[in-house]
file target.cif (mmCIF, C-alpha atoms and all ligand atoms)
data_structure
loop_
_atom_site.label_atom_id
_atom_site.label_comp_id
_atom_site.auth_asym_id
_atom_site.auth_seq_id
_atom_site.Cartn_x
_atom_site.Cartn_y
_atom_site.Cartn_z
CA MET A 1 -3.45 35.38 -3.20
CA SER A 2 -1.03 33.46 -1.02
CA THR A 3 -2.45 30.74 1.22
CA VAL A 4 0.68 30.55 3.40
CA GLY A 5 -0.14 30.72 7.11
CA LYS A 6 -3.88 30.66 6.44
CA VAL A 7 -6.54 27.99 6.81
CA ILE A 8 -7.31 26.47 3.39
CA LYS A 9 -10.87 25.42 2.58
CA CYS A 10 -10.88 22.57 0.08
CA LYS A 11 -12.48 19.32 -0.97
CA ALA A 12 -11.96 16.04 0.90
CA ALA A 13 -13.62 12.65 1.19
CA ILE A 14 -14.75 12.08 4.76
CA ALA A 15 -15.49 8.63 6.15
CA TRP A 16 -17.91 9.56 8.94
CA GLU A 17 -18.33 5.96 10.07
CA ALA A 18 -17.45 2.39 9.06
CA GLY A 19 -19.38 0.68 6.30
CA ASN A 20 -20.78 3.80 4.59
CA PRO A 21 -19.77 5.58 1.36
CA PHE A 22 -17.43 8.56 1.57
CA SER A 23 -18.98 11.98 1.53
CA ILE A 24 -17.27 14.73 -0.40
CA GLU A 25 -17.15 17.74 1.90
CA GLU A 26 -15.53 21.12 2.24
CA VAL A 27 -12.89 20.82 4.96
CA GLU A 28 -10.67 23.35 6.67
CA VAL A 29 -6.96 22.48 6.58
CA ALA A 30 -4.91 24.37 9.17
CA PRO A 31 -1.42 25.67 8.33
CA PRO A 32 1.47 23.34 9.14
CA LYS A 33 2.94 23.56 12.64
CA GLU A 34 6.59 22.98 13.58
CA HIS A 35 8.29 20.32 11.44
CA GLU A 36 5.14 19.86 9.34
CA ILE A 37 4.41 20.46 5.66
CA ARG A 38 1.14 21.26 3.90
CA VAL A 39 0.90 19.43 0.58
CA LYS A 40 -1.46 19.95 -2.36
CA ILE A 41 -2.37 16.41 -3.38
CA VAL A 42 -2.49 16.06 -7.17
CA ALA A 43 -3.27 12.33 -7.50
CA THR A 44 -4.03 9.44 -5.18
CA GLY A 45 -4.51 5.73 -5.68
CA VAL A 46 -7.11 3.62 -3.90
CA CYS A 47 -5.65 0.59 -2.07
CA ARG A 48 -7.35 -2.35 -0.38
CA SER A 49 -5.90 -1.12 2.93
CA ASP A 50 -8.15 1.99 2.67
CA ALA A 51 -11.09 -0.38 2.27
CA HIS A 52 -9.98 -2.33 5.36
CA ALA A 53 -10.07 0.94 7.36
CA ILE A 54 -13.81 1.40 6.69
CA ASN A 55 -14.66 -2.31 6.88
CA PRO A 56 -16.74 -2.84 10.05
CA ASN A 57 -15.08 -6.28 10.52
CA PHE A 58 -11.73 -4.65 11.22
CA LYS A 59 -13.09 -2.56 14.13
CA GLU A 60 -9.89 -0.58 14.43
CA GLY A 61 -10.65 2.73 12.77
CA LEU A 62 -11.13 6.11 14.36
CA PHE A 63 -13.92 8.23 12.84
CA PRO A 64 -14.54 10.67 11.26
CA VAL A 65 -11.38 10.28 9.23
CA ILE A 66 -9.74 11.30 5.95
CA LEU A 67 -8.19 8.13 4.50
CA GLY A 68 -5.73 7.73 1.61
CA HIS A 69 -2.08 6.70 1.71
CA GLU A 70 -1.01 6.30 -1.94
CA GLY A 71 -0.72 9.91 -3.08
CA ALA A 72 1.63 12.38 -4.71
CA GLY A 73 1.55 16.15 -4.69
CA ILE A 74 3.28 19.50 -4.42
CA VAL A 75 4.43 21.34 -1.30
CA GLU A 76 2.20 24.38 -0.62
CA SER A 77 3.88 25.65 2.55
CA THR A 78 6.18 24.55 5.35
CA GLY A 79 5.99 25.02 9.11
CA PRO A 80 8.76 26.39 11.34
CA GLY A 81 11.94 24.31 11.45
CA VAL A 82 11.44 22.57 8.09
CA THR A 83 14.67 22.69 6.07
CA GLN A 84 14.37 19.83 3.57
CA PHE A 85 11.29 21.04 1.65
CA LYS A 86 10.15 24.24 -0.06
CA PRO A 87 6.94 25.31 -1.82
CA GLY A 88 6.71 23.80 -5.29
CA ASP A 89 8.66 20.60 -4.50
CA LYS A 90 7.08 17.44 -5.90
CA VAL A 91 6.62 14.97 -3.05
CA ILE A 92 5.23 11.58 -2.02
CA PRO A 93 3.71 11.26 1.49
CA LEU A 94 5.08 8.23 3.36
CA TYR A 95 2.94 6.08 5.62
CA MET A 96 6.14 4.37 6.63
CA PRO A 97 8.28 7.31 7.81
CA GLN A 98 12.06 7.30 8.09
CA CYS A 99 13.15 9.69 10.83
CA GLY A 100 16.77 8.55 10.53
CA GLN A 101 17.29 8.64 14.29
CA CYS A 102 15.26 5.92 16.03
CA LYS A 103 16.65 2.46 16.79
CA PHE A 104 14.84 0.99 13.77
CA CYS A 105 16.06 3.66 11.34
CA LEU A 106 19.59 3.15 12.63
CA SER A 107 19.41 -0.60 11.95
CA PRO A 108 19.76 -2.07 8.46
CA LYS A 109 17.57 -4.98 9.63
CA THR A 110 14.21 -3.24 9.24
CA ASN A 111 12.40 -0.48 7.39
CA LEU A 112 10.13 0.29 10.36
CA CYS A 113 10.42 3.69 12.01
CA GLU A 114 9.08 4.45 15.46
CA LYS A 115 7.45 7.62 14.13
CA ILE A 116 4.89 5.52 12.28
CA SER A 117 1.30 6.48 12.96
CA LYS A 118 -1.31 3.92 13.95
CA ILE A 119 0.49 0.67 14.55
CA LYS A 120 -1.48 0.11 17.69
CA THR A 121 0.06 -3.17 18.61
CA ALA A 122 3.61 -2.06 18.04
CA ILE A 123 4.48 1.55 18.43
CA SER A 124 1.85 4.27 18.34
CA ASP A 125 -1.90 4.48 18.80
CA GLN A 126 -3.05 7.75 17.34
CA ASP A 127 -4.25 8.96 13.98
CA LEU A 128 -3.28 12.55 14.66
CA MET A 129 -0.26 14.70 14.03
CA PRO A 130 2.75 13.93 16.25
CA ASN A 131 1.72 16.62 18.78
CA GLY A 132 -1.63 14.84 19.28
CA THR A 133 -3.85 17.30 17.37
CA SER A 134 -5.52 17.29 13.94
CA ARG A 135 -5.09 19.81 11.12
CA PHE A 136 -8.51 18.94 9.66
CA THR A 137 -11.96 20.16 10.66
CA CYS A 138 -15.29 19.75 8.90
CA ARG A 139 -18.68 21.11 10.00
CA GLY A 140 -17.14 22.11 13.32
CA LYS A 141 -15.78 18.61 14.07
CA GLN A 142 -12.18 17.46 14.35
CA ILE A 143 -11.35 14.89 11.64
CA TYR A 144 -8.73 12.18 12.19
CA HIS A 145 -5.67 11.78 9.99
CA PHE A 146 -4.83 8.34 8.54
CA MET A 147 -1.41 6.64 8.42
CA GLY A 148 0.20 10.07 8.65
CA THR A 149 -0.80 10.80 5.04
CA SER A 150 -4.59 11.42 4.47
CA THR A 151 -4.32 11.78 0.72
CA PHE A 152 -8.10 11.80 0.11
CA SER A 153 -8.00 15.58 0.58
CA GLU A 154 -7.00 18.30 -1.87
CA TYR A 155 -4.63 19.60 0.82
CA THR A 156 -3.13 17.56 3.65
CA VAL A 157 -0.60 18.20 6.41
CA VAL A 158 2.17 15.69 7.08
CA SER A 159 5.13 15.44 9.40
CA GLU A 160 8.52 16.12 7.80
CA THR A 161 9.57 12.53 8.55
CA SER A 162 6.57 11.29 6.50
CA LEU A 163 7.41 13.01 3.23
CA VAL A 164 10.04 12.75 0.52
CA LYS A 165 10.99 14.93 -2.42
CA ILE A 166 10.99 13.29 -5.86
CA ASP A 167 12.07 14.10 -9.43
CA ALA A 168 10.37 17.32 -10.62
CA ALA A 169 9.63 15.66 -13.96
CA ALA A 170 7.75 12.67 -12.48
CA PRO A 171 4.10 12.20 -13.55
CA LEU A 172 2.26 12.34 -10.22
CA ASP A 173 -0.75 10.38 -11.52
CA LYS A 174 1.53 7.36 -11.96
CA VAL A 175 4.25 7.64 -9.32
CA CYS A 176 1.63 7.95 -6.58
CA LEU A 177 1.58 4.13 -6.80
CA ILE A 178 5.12 4.12 -5.42
CA GLY A 179 3.56 5.48 -2.21
CA CYS A 180 2.09 2.03 -1.53
CA GLY A 181 0.90 -0.70 -3.91
CA PHE A 182 3.80 -0.97 -6.31
CA SER A 183 6.55 -0.61 -3.72
CA THR A 184 4.87 -3.09 -1.38
CA GLY A 185 4.47 -5.93 -3.89
CA TYR A 186 7.76 -5.37 -5.72
CA GLY A 187 9.72 -4.91 -2.48
CA ALA A 188 8.12 -7.98 -0.88
CA VAL A 189 9.83 -10.02 -3.58
CA ILE A 190 13.12 -8.13 -3.87
CA ASN A 191 13.77 -7.15 -0.22
CA THR A 192 11.80 -9.57 1.94
CA ALA A 193 11.54 -12.85 0.04
CA LYS A 194 14.83 -12.16 -1.79
CA VAL A 195 13.75 -14.18 -4.83
CA GLU A 196 16.75 -15.67 -6.63
CA PRO A 197 17.48 -16.00 -10.38
CA GLY A 198 16.16 -19.29 -11.78
CA SER A 199 13.81 -19.89 -8.84
CA THR A 200 10.13 -20.81 -8.96
CA CYS A 201 7.50 -18.52 -7.41
CA ALA A 202 3.78 -18.47 -6.62
CA VAL A 203 1.96 -15.14 -6.21
CA PHE A 204 -1.46 -15.33 -4.55
CA GLY A 205 -3.82 -12.43 -5.38
CA LEU A 206 -3.52 -10.21 -8.44
CA GLY A 207 -4.48 -6.75 -7.22
CA GLY A 208 -2.07 -3.84 -7.51
CA VAL A 209 0.12 -5.42 -4.83
CA GLY A 210 0.18 -8.95 -6.29
CA LEU A 211 0.82 -7.79 -9.86
CA SER A 212 3.72 -5.69 -8.57
CA ALA A 213 5.02 -8.85 -6.89
CA VAL A 214 4.82 -10.58 -10.28
CA MET A 215 6.93 -7.74 -11.73
CA GLY A 216 9.40 -8.26 -8.88
CA CYS A 217 9.65 -12.01 -9.55
CA LYS A 218 10.28 -11.33 -13.24
CA ALA A 219 12.91 -8.67 -12.45
CA ALA A 220 14.61 -11.05 -10.01
CA GLY A 221 14.97 -13.64 -12.79
CA ALA A 222 12.45 -16.25 -11.61
CA SER A 223 12.15 -19.10 -14.12
CA ARG A 224 8.52 -19.98 -13.40
CA ILE A 225 5.87 -17.69 -11.89
CA PHE A 226 2.56 -19.25 -10.85
CA VAL A 227 -0.25 -16.77 -10.18
CA ILE A 228 -3.38 -17.68 -8.25
CA ASP A 229 -6.64 -15.72 -8.24
CA ILE A 230 -10.36 -16.47 -8.20
CA ASN A 231 -10.93 -13.66 -10.72
CA LYS A 232 -9.71 -14.99 -14.08
CA ASP A 233 -10.00 -11.51 -15.63
CA LYS A 234 -6.71 -10.73 -13.88
CA PHE A 235 -4.75 -13.40 -15.76
CA SER A 236 -4.06 -11.66 -19.08
CA LEU A 237 -2.28 -8.71 -17.45
CA ALA A 238 -0.43 -11.08 -15.10
CA LYS A 239 0.88 -12.94 -18.16
CA GLU A 240 1.99 -9.68 -19.80
CA LEU A 241 3.92 -8.87 -16.63
CA GLY A 242 5.69 -12.24 -16.48
CA ALA A 243 3.35 -14.92 -15.06
CA THR A 244 3.92 -18.34 -16.66
CA ASP A 245 1.08 -20.39 -15.09
CA CYS A 246 -2.33 -18.93 -14.14
CA LEU A 247 -4.41 -20.96 -11.69
CA ASN A 248 -7.98 -20.39 -10.48
CA PRO A 249 -8.50 -22.49 -7.33
CA GLN A 250 -12.16 -22.90 -8.29
CA ASP A 251 -11.11 -24.96 -11.34
CA PHE A 252 -9.63 -27.73 -9.15
CA LYS A 253 -11.11 -30.29 -6.77
CA LYS A 254 -7.88 -30.47 -4.76
CA PRO A 255 -6.60 -27.64 -2.57
CA ILE A 256 -4.47 -25.27 -4.64
CA GLN A 257 -1.32 -26.03 -2.61
CA GLU A 258 -1.58 -29.68 -3.64
CA VAL A 259 -2.06 -28.69 -7.27
CA ILE A 260 1.09 -26.54 -7.18
CA THR A 261 3.23 -29.09 -5.37
CA GLU A 262 2.22 -31.72 -7.93
CA ILE A 263 2.91 -29.54 -10.96
CA ASN A 264 6.17 -28.16 -9.61
CA ASP A 265 8.22 -31.03 -8.22
CA GLY A 266 7.18 -30.81 -4.56
CA GLY A 267 6.56 -27.08 -4.40
CA VAL A 268 7.90 -23.66 -5.31
CA ASP A 269 10.93 -21.89 -3.85
CA PHE A 270 8.98 -18.72 -2.98
CA ALA A 271 5.30 -17.96 -2.30
CA ILE A 272 3.95 -14.43 -1.83
CA GLU A 273 0.49 -13.88 -0.28
CA CYS A 274 -1.09 -10.63 -1.52
CA ILE A 275 -4.72 -11.11 -0.46
CA GLY A 276 -5.06 -10.89 3.33
CA ASN A 277 -6.80 -14.27 3.81
CA ILE A 278 -5.41 -16.54 6.54
CA ALA A 279 -6.47 -19.74 4.73
CA ILE A 280 -4.52 -18.58 1.68
CA MET A 281 -1.53 -17.69 3.87
CA LYS A 282 -1.54 -21.32 5.04
CA ALA A 283 -1.88 -22.54 1.44
CA ALA A 284 0.99 -20.27 0.40
CA LEU A 285 3.32 -21.77 2.99
CA GLU A 286 2.19 -25.29 2.12
CA CYS A 287 2.80 -24.83 -1.63
CA THR A 288 6.51 -24.16 -1.04
CA THR A 289 9.11 -26.91 -1.19
CA VAL A 290 10.43 -28.60 1.94
CA GLY A 291 14.07 -27.81 2.62
CA TRP A 292 14.08 -24.11 1.84
CA GLY A 293 10.63 -22.84 0.72
CA THR A 294 9.89 -19.28 1.82
CA CYS A 295 6.42 -17.81 2.25
CA THR A 296 6.14 -14.03 2.43
CA ILE A 297 2.94 -12.49 3.81
CA VAL A 298 1.88 -9.14 2.37
CA GLY A 299 -1.91 -9.19 2.76
CA VAL A 300 -3.43 -7.69 5.89
CA ALA A 301 -5.93 -10.07 7.56
CA VAL A 302 -9.01 -9.03 9.50
CA GLY A 303 -7.91 -7.99 13.00
CA GLY A 304 -7.44 -10.73 15.58
CA GLN A 305 -7.07 -13.66 13.14
CA SER A 306 -4.10 -16.03 13.28
CA ILE A 307 -2.45 -18.18 10.62
CA PRO A 308 -3.10 -21.92 11.25
CA VAL A 309 0.42 -23.13 10.52
CA SER A 310 1.73 -26.56 11.51
CA PRO A 311 5.17 -26.35 13.16
CA MET A 312 6.10 -29.43 11.09
CA GLN A 313 6.11 -27.18 8.01
CA LEU A 314 8.82 -25.10 9.69
CA ILE A 315 10.71 -28.09 11.03
CA MET A 316 10.89 -29.32 7.44
CA GLY A 317 12.88 -26.23 6.55
CA LYS A 318 10.17 -23.87 5.30
CA LYS A 319 10.28 -20.26 6.40
CA ILE A 320 7.58 -17.65 6.82
CA ASN A 321 8.13 -13.91 6.89
CA ALA A 322 6.15 -10.76 6.16
CA THR A 323 6.59 -7.27 4.87
CA PHE A 324 5.47 -3.74 5.61
CA PHE A 325 5.83 -1.33 2.66
CA GLY A 326 7.92 -3.94 0.86
CA GLY A 327 10.82 -3.59 3.26
CA TRP A 328 11.92 -0.26 1.73
CA LYS A 329 13.45 2.38 3.98
CA SER A 330 11.12 5.01 2.62
CA VAL A 331 13.09 8.27 2.46
CA ASP A 332 16.14 6.48 1.02
CA SER A 333 14.22 4.35 -1.48
CA VAL A 334 11.15 6.18 -2.80
CA PRO A 335 13.08 8.82 -4.83
CA LYS A 336 15.20 6.01 -6.32
CA LEU A 337 12.09 4.01 -7.23
CA VAL A 338 10.68 7.13 -8.93
CA SER A 339 13.94 7.52 -10.89
CA ASP A 340 13.84 3.83 -11.85
CA TYR A 341 10.29 4.28 -13.14
CA MET A 342 11.41 7.34 -15.15
CA ALA A 343 14.24 5.17 -16.56
CA LYS A 344 11.56 2.61 -17.57
CA LYS A 345 12.94 -0.11 -15.31
CA PHE A 346 9.37 -1.15 -14.44
CA ASN A 347 5.87 -0.50 -15.66
CA LEU A 348 3.51 1.38 -13.34
CA ASP A 349 1.17 2.36 -16.17
CA ALA A 350 -0.02 -1.25 -16.51
CA LEU A 351 -1.43 -1.07 -12.98
CA VAL A 352 -3.64 1.96 -13.72
CA THR A 353 -7.02 0.68 -14.91
CA TYR A 354 -8.91 3.98 -14.50
CA THR A 355 -8.08 7.62 -13.85
CA LEU A 356 -11.12 9.45 -12.47
CA PRO A 357 -11.91 12.88 -11.00
CA PHE A 358 -11.63 12.86 -7.19
CA ASP A 359 -15.42 13.26 -6.77
CA LYS A 360 -15.82 9.71 -8.16
CA ILE A 361 -14.09 8.17 -5.13
CA ASN A 362 -17.04 5.93 -4.27
CA ASP A 363 -17.03 4.60 -7.85
CA ALA A 364 -13.31 3.86 -7.46
CA PHE A 365 -14.03 1.75 -4.36
CA ASP A 366 -16.90 -0.04 -6.12
CA LEU A 367 -14.59 -0.90 -9.04
CA MET A 368 -12.14 -2.42 -6.54
CA TYR A 369 -14.88 -4.34 -4.66
CA GLU A 370 -16.26 -5.68 -7.98
CA GLY A 371 -12.78 -6.82 -9.12
CA LYS A 372 -12.96 -4.53 -12.17
CA SER A 373 -9.86 -2.46 -11.48
CA ILE A 374 -6.25 -3.01 -10.56
CA ARG A 375 -5.78 0.57 -9.44
CA THR A 376 -8.00 3.60 -9.95
CA ILE A 377 -6.14 6.90 -9.70
CA LEU A 378 -8.17 9.87 -8.46
CA VAL A 379 -7.05 13.29 -9.64
CA PHE A 380 -8.01 16.70 -8.18
P1 LIG A 401 -6.95 -6.08 -4.21
O1 LIG A 401 -8.23 -6.25 -3.52
O2 LIG A 401 -6.84 -5.12 -5.34
O3 LIG A 401 -6.43 -7.52 -4.78
C1 LIG A 401 -6.68 -8.73 -4.12
C2 LIG A 401 -6.76 -9.85 -5.16
O4 LIG A 401 -6.94 -11.08 -4.47
C3 LIG A 401 -7.93 -9.72 -6.14
O5 LIG A 401 -7.49 -9.88 -7.47
C4 LIG A 401 -8.88 -10.84 -5.72
O6 LIG A 401 -9.63 -11.37 -6.81
C5 LIG A 401 -7.92 -11.86 -5.14
N1 LIG A 401 -8.54 -12.77 -4.18
C6 LIG A 401 -9.39 -12.46 -3.18
N2 LIG A 401 -9.72 -13.56 -2.49
C7 LIG A 401 -9.06 -14.60 -3.07
C8 LIG A 401 -9.00 -16.00 -2.80
N3 LIG A 401 -9.67 -16.55 -1.79
N4 LIG A 401 -8.20 -16.77 -3.59
C9 LIG A 401 -7.51 -16.22 -4.61
N5 LIG A 401 -7.53 -14.90 -4.91
C10 LIG A 401 -8.30 -14.09 -4.15
O7 LIG A 401 -5.89 -5.73 -3.06
P2 LIG A 401 -4.45 -4.98 -3.09
O8 LIG A 401 -3.62 -5.57 -4.16
O9 LIG A 401 -4.66 -3.49 -3.02
O10 LIG A 401 -3.90 -5.42 -1.64
C11 LIG A 401 -3.68 -6.80 -1.34
C12 LIG A 401 -3.47 -7.00 0.15
O11 LIG A 401 -2.24 -6.40 0.55
C13 LIG A 401 -4.55 -6.36 1.04
O12 LIG A 401 -4.82 -7.20 2.14
C14 LIG A 401 -3.87 -5.09 1.51
O13 LIG A 401 -4.42 -4.60 2.73
C15 LIG A 401 -2.46 -5.58 1.69
C16 LIG A 401 -1.41 -4.52 1.72
N6 LIG A 401 -0.34 -4.68 2.56
C17 LIG A 401 0.65 -3.78 2.62
C18 LIG A 401 1.82 -4.04 3.51
O14 LIG A 401 2.64 -3.15 3.72
N7 LIG A 401 1.95 -5.27 4.02
C19 LIG A 401 0.61 -2.64 1.82
C20 LIG A 401 -0.43 -2.49 0.93
C21 LIG A 401 -1.46 -3.42 0.88
ZN ZN A 402 -1.82 0.53 0.49
ZN ZN A 403 12.87 6.30 12.67
#

call {"tool": "encode", "arguments": {"input": "target.cif", "output": "structure tokens"}}
result
Amino acid sequence: MSTVGKVIKCKAAIAWEAGNPFSIEEVEVAPPKEHEIRVKIVATGVCRSDAHAINPNFKEGLFPVILGHEGAGIVESTGPGVTQFKPGDKVIPLYMPQCGQCKFCLSPKTNLCEKISKIKTAISDQDLMPNGTSRFTCRGKQIYHFMGTSTFSEYTVVSETSLVKIDAAAPLDKVCLIGCGFSTGYGAVINTAKVEPGSTCAVFGLGGVGLSAVMGCKAAGASRIFVIDINKDKFSLAKELGATDCLNPQDFKKPIQEVITEINDGGVDFAIECIGNIAIMKAALECTTVGWGTCTIVGVAVGGQSIPVSPMQLIMGKKINATFFGGWKSVDSVPKLVSDYMAKKFNLDALVTYTLPFDKINDAFDLMYEGKSIRTILVF
């Protein structure tokens, strides 16, 4: 029986409030309105940014909410005015939209788009559909969307600017990682840091984002890739992906930036911070060489914190920059990244530690908190 135009009842993980486990609930998903698409999510990754959203220290979230922003699925139905998608298309929801018309989309200088949901400080302040309403209800309550994607639901509704069609042959339980973690880390290196052949790099934090940054450094032709993590279990995979020197700061009496500057002739050319810790952001800048060292921030720090950087570091020629979704213009780039994966230009499979049924979502978060997974993929 067709579901087009009808409310769909399905399974979703609701975060009713900060700091508590998700509860798997039956939710009602309304049909898509104008310029919206309803997508059947097939697979979704779990990213540290989802954990930030339910971390009481961040104090930014709206509740109750359906999180998830690293998914892939199949179009179920389209609302009025949608021309680019049809039922059956394989798609990736985009938390960084690309409307193609705003001043940011028209500029080659940025991958931001003003249609982005929930960048309170910059552009928008709602976790709802563009018309200010939600398509989700549960137990009679309206449920907030998240980053315009909400992939922790068997069905979700997204705006047509927050979705892109991909290769029909793509395995959704792998390419979902192109929706966030892989693209962010890899793009931070390729697009934002612009790592050069023969250069030396330091990647701080070896989660899905940091390991993707290691892959980016290797692809860019870096000659030496330091990786830094307090969890030494991450080092063997980092080495497989191209790391040359694995450092655990807890093994040294000196600050890690001093260790790196001593080993590497005054510092590395590029440092990439993939943790979200302001002290490590400072260390990352300080471990780069004077003259031209570049520090790229990827990690998202607890709200309200600042990086304690000495201007002298900058006066001495070091630069600091940061990335959102790896600098990729999403609609243009995500299908190409999927094709590159299909052509075996990079290895997403290495990032998938576990694939679990969706109902195990709380286990997936525990595996991340305990440092036992790179990425867990949840499948419906
Ligand atoms: P993750 O939690 O899987 O990995 C973080 C890694 O850092 C782990 O291996 C930890 O052991 C390690 N770590 C933690 N503390 C320290 C420390 N003090 N010293 C050394 N190592 C440490 O996270 P992830 O890879 O999913 O995400 C990493 C960050 O990137 C996180 O802050 C997330 O919110 C952010 C992010 N940003 C964007 C963006 O567009 N800028 C996108 C996606 C994720
Ligand atoms: Zn993410
Ligand atoms: Zn735009």

call {"tool": "residues_around", "arguments": {"input": "target.cif", "residues": "A:Ala243", "least_positions_apart": "2", "cutoff": "12 Å", "atoms": "all atoms listed in the file", "output": "NGL selection string"}}
result
:A and (200-204 or 206 or 210-219 or 221-228 or 234-241 or 245-247)

call {"tool": "residues_near_ligand", "arguments": {"input": "target.cif", "ligand": "ligand ZN 402 (chain A)", "cutoff": "6 Å", "atoms": "all atoms listed in the file", "output": "ChimeraX atom specification"}}
result
/A:47,49,180-181

call {"tool": "closest_atom_pairs", "arguments": {"input": "target.cif", "of": "chain A", "to": "ligand LIG 401 (chain A)", "cutoff": "8 Å", "atoms": "only C-alpha atoms and all ligand atoms", "output": "JSON lines"}}
result
{"residue": "A:Val46", "atom": "CA", "partner": "A:LIG401", "partner_atom": "O9", "distance": 7.6}
{"residue": "A:Cys47", "atom": "CA", "partner": "A:LIG401", "partner_atom": "O9", "distance": 4.3}
{"residue": "A:Arg48", "atom": "CA", "partner": "A:LIG401", "partner_atom": "O9", "distance": 3.9}
{"residue": "A:Ser49", "atom": "CA", "partner": "A:LIG401", "partner_atom": "O13", "distance": 3.8}
{"residue": "A:Asp50", "atom": "CA", "partner": "A:LIG401", "partner_atom": "O13", "distance": 7.6}
{"residue": "A:Ala51", "atom": "CA", "partner": "A:LIG401", "partner_atom": "O13", "distance": 7.9}
{"residue": "A:His52", "atom": "CA", "partner": "A:LIG401", "partner_atom": "O13", "distance": 6.6}
{"residue": "A:Cys180", "atom": "CA", "partner": "A:LIG401", "partner_atom": "C20", "distance": 5.7}
{"residue": "A:Gly181", "atom": "CA", "partner": "A:LIG401", "partner_atom": "C20", "distance": 5.3}
{"residue": "A:Thr184", "atom": "CA", "partner": "A:LIG401", "partner_atom": "C19", "distance": 5.3}
{"residue": "A:Gly185", "atom": "CA", "partner": "A:LIG401", "partner_atom": "C19", "distance": 7.6}
{"residue": "A:Phe204", "atom": "CA", "partner": "A:LIG401", "partner_atom": "N5", "distance": 6.1}
{"residue": "A:Gly205", "atom": "CA", "partner": "A:LIG401", "partner_atom": "O4", "distance": 3.5}
{"residue": "A:Leu206", "atom": "CA", "partner": "A:LIG401", "partner_atom": "O5", "distance": 4.1}
{"residue": "A:Gly207", "atom": "CA", "partner": "A:LIG401", "partner_atom": "O3", "distance": 3.2}
{"residue": "A:Gly208", "atom": "CA", "partner": "A:LIG401", "partner_atom": "O8", "distance": 4.1}
{"residue": "A:Val209", "atom": "CA", "partner": "A:LIG401", "partner_atom": "O8", "distance": 3.8}
{"residue": "A:Gly210", "atom": "CA", "partner": "A:LIG401", "partner_atom": "O8", "distance": 5.5}
{"residue": "A:Leu211", "atom": "CA", "partner": "A:LIG401", "partner_atom": "O8", "distance": 7.6}
{"residue": "A:Ile228", "atom": "CA", "partner": "A:LIG401", "partner_atom": "C9", "distance": 5.7}
{"residue": "A:Asp229", "atom": "CA", "partner": "A:LIG401", "partner_atom": "N5", "distance": 3.5}
{"residue": "A:Ile230", "atom": "CA", "partner": "A:LIG401", "partner_atom": "C9", "distance": 4.6}
{"residue": "A:Asn231", "atom": "CA", "partner": "A:LIG401", "partner_atom": "O6", "distance": 4.7}
{"residue": "A:Lys234", "atom": "CA", "partner": "A:LIG401", "partner_atom": "O5", "distance": 6.5}
{"residue": "A:Asn248", "atom": "CA", "partner": "A:LIG401", "partner_atom": "C9", "distance": 7.2}
{"residue": "A:Pro249", "atom": "CA", "partner": "A:LIG401", "partner_atom": "N4", "distance": 6.8}
{"residue": "A:Glu273", "atom": "CA", "partner": "A:LIG401", "partner_atom": "C12", "distance": 7.9}
{"residue": "A:Cys274", "atom": "CA", "partner": "A:LIG401", "partner_atom": "C11", "distance": 4.6}
{"residue": "A:Ile275", "atom": "CA", "partner": "A:LIG401", "partner_atom": "C12", "distance": 4.3}
{"residue": "A:Gly276", "atom": "CA", "partner": "A:LIG401", "partner_atom": "O12", "distance": 3.9}
{"residue": "A:Asn277", "atom": "CA", "partner": "A:LIG401", "partner_atom": "N3", "distance": 6.7}
{"residue": "A:Ala279", "atom": "CA", "partner": "A:LIG401", "partner_atom": "N3", "distance": 7.9}
{"residue": "A:Ile280", "atom": "CA", "partner": "A:LIG401", "partner_atom": "N3", "distance": 6.5}
{"residue": "A:Ile297", "atom": "CA", "partner": "A:LIG401", "partner_atom": "N7", "distance": 7.3}
{"residue": "A:Val298", "atom": "CA", "partner": "A:LIG401", "partner_atom": "N7", "distance": 4.2}
{"residue": "A:Gly299", "atom": "CA", "partner": "A:LIG401", "partner_atom": "O11", "distance": 3.6}
{"residue": "A:Val300", "atom": "CA", "partner": "A:LIG401", "partner_atom": "O12", "distance": 4.0}
{"residue": "A:Ala301", "atom": "CA", "partner": "A:LIG401", "partner_atom": "O12", "distance": 6.2}
{"residue": "A:Ala322", "atom": "CA", "partner": "A:LIG401", "partner_atom": "N7", "distance": 7.2}
{"residue": "A:Thr323", "atom": "CA", "partner": "A:LIG401", "partner_atom": "N7", "distance": 5.1}
{"residue": "A:Phe324", "atom": "CA", "partner": "A:LIG401", "partner_atom": "O14", "distance": 3.5}
{"residue": "A:Phe325", "atom": "CA", "partner": "A:LIG401", "partner_atom": "O14", "distance": 3.8}
{"residue": "A:Gly326", "atom": "CA", "partner": "A:LIG401", "partner_atom": "O14", "distance": 6.1}
{"residue": "A:Met368", "atom": "CA", "partner": "A:LIG401", "partner_atom": "O2", "distance": 6.1}
{"residue": "A:Tyr369", "atom": "CA", "partner": "A:LIG401", "partner_atom": "O1", "distance": 7.0}
{"residue": "A:Gly371", "atom": "CA", "partner": "A:LIG401", "partner_atom": "O6", "distance": 6.0}
{"residue": "A:Ser373", "atom": "CA", "partner": "A:LIG401", "partner_atom": "O2", "distance": 7.3}
{"residue": "A:Ile374", "atom": "CA", "partner": "A:LIG401", "partner_atom": "O2", "distance": 5.7}
{"residue": "A:Arg375", "atom": "CA", "partner": "A:LIG401", "partner_atom": "O2", "distance": 7.1}

call {"tool": "closest_residue", "arguments": {"input": "target.cif", "among": "A:Ser23, A:Thr244, A:Thr151, A:Asn55", "to": "A:Gly303", "atoms": "only C-alpha atoms"}}
result
A:Asn55

call {"tool": "residues_around", "arguments": {"input": "target.cif", "residues": "A:Tyr144", "least_positions_apart": "3", "cutoff": "10 Å", "atoms": "only C-alpha atoms", "output": "NGL selection string"}}
result
:A and (14-15 or 61-67 or 126-129 or 133-137 or 141 or 147-148 or 150)
